[in-house]
Each structure stands twice: as C-alpha cells, then as structure tokens.
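Just data-v4.cif here, mmCIF, C-alpha atoms:
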data_model
#
loop_
_atom_site.label_atom_id
_atom_site.label_comp_id
_atom_site.auth_asym_id
_atom_site.auth_seq_id
_atom_site.Cartn_x
_atom_site.Cartn_y
_atom_site.Cartn_z
CA MET A 1 -37.63 82.52 -28.55
CA LYS A 2 -39.64 85.55 -27.54
CA THR A 3 -42.29 84.65 -24.96
CA ILE A 4 -45.39 86.84 -25.01
CA ASN A 5 -48.60 86.90 -23.03
CA SER A 6 -50.41 83.60 -22.91
CA ILE A 7 -53.16 83.24 -25.49
CA SER A 8 -55.46 82.21 -22.68
CA SER A 9 -54.77 85.25 -20.53
CA SER A 10 -54.39 87.93 -23.18
CA LYS A 11 -57.56 89.65 -24.33
CA LYS A 12 -55.53 91.63 -26.88
CA PHE A 13 -54.72 88.51 -28.91
CA ASP A 14 -57.42 88.59 -31.57
CA LYS A 15 -55.87 87.15 -34.73
CA GLY A 16 -53.25 84.65 -35.76
CA HIS A 17 -52.58 80.98 -36.46
CA VAL A 18 -51.45 79.03 -33.38
CA PHE A 19 -49.79 75.62 -33.12
CA TYR A 20 -50.66 74.22 -29.67
CA ARG A 21 -48.50 71.24 -28.71
CA PHE A 22 -50.20 69.91 -25.59
CA GLU A 23 -49.08 67.28 -23.11
CA ASP A 24 -51.52 67.44 -20.21
CA LYS A 25 -55.27 66.98 -20.74
CA GLN A 26 -56.24 69.14 -17.77
CA PHE A 27 -54.07 72.04 -18.93
CA TYR A 28 -55.56 71.53 -22.38
CA ILE A 29 -59.13 71.85 -21.04
CA ASN A 30 -58.20 74.85 -18.87
CA ASN A 31 -56.55 76.64 -21.81
CA LEU A 32 -59.55 75.87 -24.02
CA MET A 33 -61.97 77.30 -21.43
CA ARG A 34 -59.91 80.51 -21.13
CA PHE A 35 -59.80 80.72 -24.94
CA ILE A 36 -63.61 80.45 -25.01
CA LYS A 37 -64.06 82.97 -22.19
CA ASN A 38 -61.79 85.53 -23.85
CA GLY A 39 -63.67 85.07 -27.12
CA LEU A 40 -67.03 85.55 -25.44
CA ASP A 41 -65.72 88.59 -23.54
CA SER A 42 -64.71 90.04 -26.94
CA LYS A 43 -68.18 89.30 -28.37
CA GLN A 44 -66.76 86.63 -30.69
CA ARG A 45 -68.38 83.41 -31.83
CA ILE A 46 -66.39 80.22 -31.29
CA LEU A 47 -65.98 77.01 -33.27
CA ILE A 48 -64.51 74.07 -31.33
CA ILE A 49 -63.48 71.00 -33.35
CA GLU A 50 -62.76 68.16 -30.92
CA ASN A 51 -62.61 64.37 -30.77
CA MET A 52 -65.62 62.44 -29.56
CA ARG A 53 -63.77 61.15 -26.47
CA ALA A 54 -63.24 64.70 -25.17
CA LEU A 55 -66.50 66.29 -26.36
CA PRO A 56 -68.63 65.14 -23.36
CA LEU A 57 -66.12 66.58 -20.84
CA ILE A 58 -65.78 69.81 -22.80
CA LYS A 59 -69.56 70.17 -23.14
CA ALA A 60 -70.04 69.52 -19.39
CA THR A 61 -67.35 72.09 -18.54
CA ILE A 62 -68.92 74.66 -20.86
CA ASP A 63 -72.34 73.95 -19.30
CA LYS A 64 -70.88 74.66 -15.84
CA LYS A 65 -68.91 77.78 -16.74
CA PHE A 66 -71.17 79.63 -19.17
CA ILE A 67 -74.79 80.75 -19.25
CA HIS A 68 -77.24 79.80 -21.99
CA LYS A 69 -76.83 83.05 -23.94
CA GLN A 70 -73.04 82.61 -24.02
CA LYS A 71 -73.36 78.96 -25.09
CA GLU A 72 -75.35 80.09 -28.13
CA SER A 73 -72.09 81.59 -29.46
CA ILE A 74 -70.20 78.29 -29.16
CA ARG A 75 -70.38 75.54 -31.77
CA LEU A 76 -68.94 72.11 -30.87
CA VAL A 77 -68.28 69.62 -33.67
CA ASN A 78 -66.71 66.17 -33.87
CA ASN A 79 -63.25 66.26 -35.45
CA PHE A 80 -63.87 62.87 -37.11
CA ASP A 81 -66.06 64.66 -39.66
CA TYR A 82 -63.13 66.91 -40.50
CA TYR A 83 -60.07 64.71 -40.49
CA LEU A 84 -61.18 61.13 -41.04
CA ALA A 85 -64.58 60.96 -42.78
CA ASN A 86 -63.17 60.88 -46.35
CA GLY A 87 -59.94 59.08 -45.60
CA ASP A 88 -57.00 60.34 -43.64
CA PHE A 89 -56.59 64.10 -44.00
CA HIS A 90 -58.48 65.00 -47.15
CA THR A 91 -57.85 68.77 -47.30
CA LYS A 92 -60.83 69.58 -49.54
CA THR A 93 -63.23 67.77 -47.17
CA ILE A 94 -61.71 69.52 -44.14
CA LEU A 95 -62.09 72.95 -45.75
CA THR A 96 -65.66 72.23 -46.86
CA HIS A 97 -66.68 71.29 -43.31
CA PHE A 98 -64.80 74.28 -41.92
CA GLN A 99 -66.53 76.74 -44.25
CA GLU A 100 -69.95 75.20 -43.50
CA ASP A 101 -69.43 75.48 -39.74
CA LEU A 102 -68.09 79.03 -40.02
CA SER A 103 -71.10 80.07 -42.10
CA MET A 104 -73.39 78.79 -39.32
CA LEU A 105 -71.58 81.05 -36.85
CA LYS A 106 -71.17 84.12 -39.03
CA MET A 107 -73.15 87.17 -38.14
CA LYS A 108 -72.70 90.70 -39.41
CA ASN A 109 -69.66 92.38 -37.83
CA THR A 110 -68.97 89.42 -35.53
CA MET A 111 -65.50 87.92 -35.34
CA ILE A 112 -64.99 84.18 -35.07
CA ARG A 113 -62.26 82.24 -33.32
CA THR A 114 -61.56 78.56 -33.85
CA TRP A 115 -59.92 75.77 -31.89
CA ALA A 116 -59.27 72.41 -33.56
CA HIS A 117 -57.86 69.25 -32.04
CA VAL A 118 -56.09 67.81 -35.09
CA GLU A 119 -55.79 64.02 -35.36
CA TRP A 120 -55.23 61.37 -38.02
CA ALA A 121 -55.99 57.68 -38.39
CA SER A 122 -52.68 56.32 -39.64
CA GLU A 123 -49.79 55.31 -37.41
CA LYS A 124 -47.59 57.95 -39.06
CA PRO A 125 -49.25 61.02 -40.53
CA ASP A 126 -48.52 62.07 -44.09
CA VAL A 127 -46.38 65.17 -43.59
CA LEU A 128 -47.14 66.44 -47.11
CA LEU A 129 -50.90 66.27 -46.47
CA LEU A 130 -50.48 68.11 -43.17
CA GLU A 131 -48.31 70.73 -44.89
CA GLU A 132 -50.97 71.27 -47.55
CA PHE A 133 -53.73 71.53 -44.97
CA GLU A 134 -51.89 73.81 -42.53
CA SER A 135 -50.56 76.05 -45.32
CA THR A 136 -54.11 76.48 -46.65
CA ALA A 137 -55.38 77.10 -43.11
CA ASP A 138 -52.64 79.67 -42.48
CA ASN A 139 -53.57 81.59 -45.63
CA PHE A 140 -57.26 81.49 -44.64
CA VAL A 141 -56.57 82.71 -41.08
CA GLU A 142 -54.45 85.58 -42.39
CA LYS A 143 -57.01 86.56 -45.04
CA GLU A 144 -59.96 86.45 -42.62
CA GLY A 145 -58.07 88.07 -39.72
CA ILE A 146 -59.21 85.49 -37.16
CA VAL A 147 -57.53 83.60 -34.35
CA SER A 148 -57.27 79.87 -34.98
CA VAL A 149 -55.64 77.30 -32.70
CA CYS A 150 -54.54 73.94 -34.11
CA ALA A 151 -53.98 71.61 -31.13
CA TYR A 152 -51.82 68.50 -31.47
CA ALA A 153 -51.01 65.93 -28.80
CA ALA A 154 -47.24 66.18 -28.26
CA ASP A 155 -46.85 62.40 -28.10
CA SER A 156 -48.27 62.07 -31.64
CA LEU A 157 -45.66 64.34 -33.22
CA SER A 158 -42.35 63.32 -34.74
CA SER A 159 -39.56 65.89 -34.62
CA THR A 160 -39.98 66.45 -38.39
CA LEU A 161 -43.70 67.08 -38.03
CA ASP A 162 -43.16 69.35 -35.02
CA THR A 163 -40.69 71.48 -37.00
CA THR A 164 -43.04 71.58 -39.99
CA LEU A 165 -45.91 72.78 -37.80
CA GLN A 166 -43.70 75.49 -36.28
CA GLN A 167 -42.97 76.72 -39.82
CA LEU A 168 -46.68 76.86 -40.71
CA HIS A 169 -47.95 78.68 -37.62
CA GLN A 170 -47.24 82.25 -36.59
CA TYR A 171 -47.45 81.34 -32.90
CA ILE A 172 -46.53 78.34 -30.77
CA MET A 173 -48.32 77.42 -27.59
CA THR A 174 -47.58 74.74 -25.01
CA ASP A 175 -49.46 73.94 -21.82
CA HIS A 176 -47.47 76.73 -20.12
CA ASN A 177 -46.05 79.08 -22.77
CA PHE A 178 -47.10 81.13 -25.78
CA PHE A 179 -44.57 82.67 -28.16
CA ILE A 180 -43.91 83.80 -31.71
CA SER A 181 -42.61 80.96 -33.86
CA PRO A 182 -38.98 81.56 -34.79
CA PHE A 183 -39.46 79.26 -37.82
CA TYR A 184 -42.65 80.71 -39.29
CA ASN A 185 -42.45 81.15 -43.06
CA GLY A 186 -45.87 82.66 -43.78
CA GLY A 187 -47.65 79.46 -44.75
CA SER A 188 -45.94 79.21 -48.12
CA TRP A 189 -44.16 76.06 -49.24
#

Go ahead and render the structure in this file as structure tokens.
Amino acid sequence: MKTINSISSSKKFDKGHVFYRFEDKQFYINNLMRFIKNGLDSKQRILIIENMRALPLIKATIDKKFIHKQKESIRLVNNFDYYLANGDFHTKTILTHFQEDLSMLKMKNTMIRTWAHVEWASEKPDVLLLEEFESTADNFVEKEGIVSVCAYAADSLSSTLDTTLQQLHQYIMTDHNFFISPFYNGGSW
C-alpha cells in the first residue's frame, strides 16, 4: 500500500475516483471542509451530495468558513434524491440527478469536484447494483477528468462490499490516510 499526500492537504490532487471509508463524523466533516477549500483555492465548483441529517451541520460549517462569493461555487443536495427516491440504488435515476446538478455548476473552463455520501435503504445493499453504479461513476470520472469522492460509513460495509469498492476506485481514503488502491481494476467488470 503506497501512501500519498492526503486528498485534503494536497492541492495537486485534481482528478480521480476516491473511495472514502469513514469512521469518525468529526474527521469526516474536517476532511470535507478541506476538500471544499482546496477546490475553491483551485477555482473549482463543488457538488456535495449528503444526507439530510448532516446537511444542517455541513451548511453551518460552510457558512462559518467561507464568504458569500465562495459559497456561490458550492452546491449542496440531499442524497435521498440520488439513492433512494426511485427505490434502492436505481443507477439511471442517480446518473440523471448527477448530470442535472453538474449542469447547474458547469461554467466555461471551470473544473468541478464532487463529494457524495453514499447510502442505501435496505439492511444489506445489493452488491451488483453498487458495482454497476460505481463502475459507471468511475468511467464518468475518468472521461471528465474530475475528482470525485464516494464516502461510505465504515460500519455499513461488509468485507465483500469493501473489497468491491476498492476495486472500483483508483484511490482509497480513510479518516487519516489516502493511498492508491492496490485492487483497482479500472472500473470494468
């Protein structure tokens, strides 16, 4: 496992698909704020897809840390609309919402970065649906040349799902580390 600069501290990290397995909510918020700051410092626009329980805290933190002009480059959306609105993990619905939100942020010659807290309704997620979604997302991230973080709560992941996500993401991030995935297979299944 080759550890590299943290995504949250490296301004040079400007493209790639990241699997963030988080355990601590405060580290999660801190890493998200650094991700936003680095994006703003690089003149990027930012899409944050988060659950409705965390959105008020994230919005309040953004309001404290960033000025109005910076906040205009940040779009916060409820992850329910992505992952649960049309049943559990309907890839076509997720991609439709994603493309709509990205088009709202797109400006000529402006890069976009995304951060999504991925969740599902069922007790056990359908690994095949997640594979389809993350493989499609990986291809999109590579084609568009953007940085995209897919954040998953560590306690919601089985070992099979964790391994699958490591295979579908170029980079792996934890609350404390950031490294190249040794299992990455280029998003193809």

When you count all atoms listed in the file, which of these residues is closest to Asp155 in chain A: A:Arg53, A:Asp24, A:Lys71, A:Val18?
A:Asp24

Selected by the PyMOL selection byres ((chain A and resi 125) around 10) in the shown coordinates: which residues, as number ranges by chain?
A: 88-89, 119-124, 126-130, 156-158, 161

For the PyMOL selection byres ((chain A and resi 51) around 8), applied here, can you spell out every residue it catches as a list in words?
Ile49, Glu50, Met52, Arg53, Ala54, Leu55, Asn78, Asn79, Phe80 and His117 of chain A

Would you please work out which residue, of A:Ala154, A:Ile67, A:Ile62, A:Val141, is nearest to Arg113 in chain A when using all atoms listed in the file?
A:Val141

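Among the candidates A:Ser148, A:Glu134, A:Glu23, A:Asn139, the one nearest to Ile36 in chain A when counting only C-alpha atoms is A:Ser148.
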
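This file gives the following result for the PyMOL selection byres ((chain A and resi 136) around 12): His17, Thr91, Lys92, Ile94, Leu95, Phe98, Leu129, Leu130, Glu131, Glu132, Phe133, Glu134, Ser135, Ala137, Asp138, Asn139, Phe140, Val141, Glu142, Lys143, Leu168, His169, Gly186, Gly187, Ser188 and Trp189 of chain A.
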
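Atom to atom, CA of Ala153 in chain A and CA of Ser73 in chain A stand 26.3 Å apart.
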
For Val118 in chain A, which residue among A:Met33, A:Ile48, A:Glu144, A:Arg75 is the nearest when counting all atoms listed in the file?
A:Ile48

Return the single residue from A:Arg45, A:His97, A:Lys65, A:Lys15 that is closest to Asn30 in chain A, with distances computed using all atoms listed in the file.
A:Lys65

Using all atoms listed in the file: which of A:Asn31, A:Asn185, A:Gln166, A:Gln44 has the shortest distance to Thr114 in chain A:
A:Gln44

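Here CA of Ile74 in chain A is placed at a distance of 14.9 Å from CA of Leu57 in chain A.
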
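Relative to CA of Phe178 in chain A, CA of Tyr20 in chain A is found at 8.7 Å.
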
Exercise: Ile46 in chain A partners within 12 Å, all atoms listed in the file, chain neighbours under 4 positions left out, as an NGL selection string:
:A and (32-33 or 35-42 or 70-77 or 101-107 or 110-116 or 146-149)
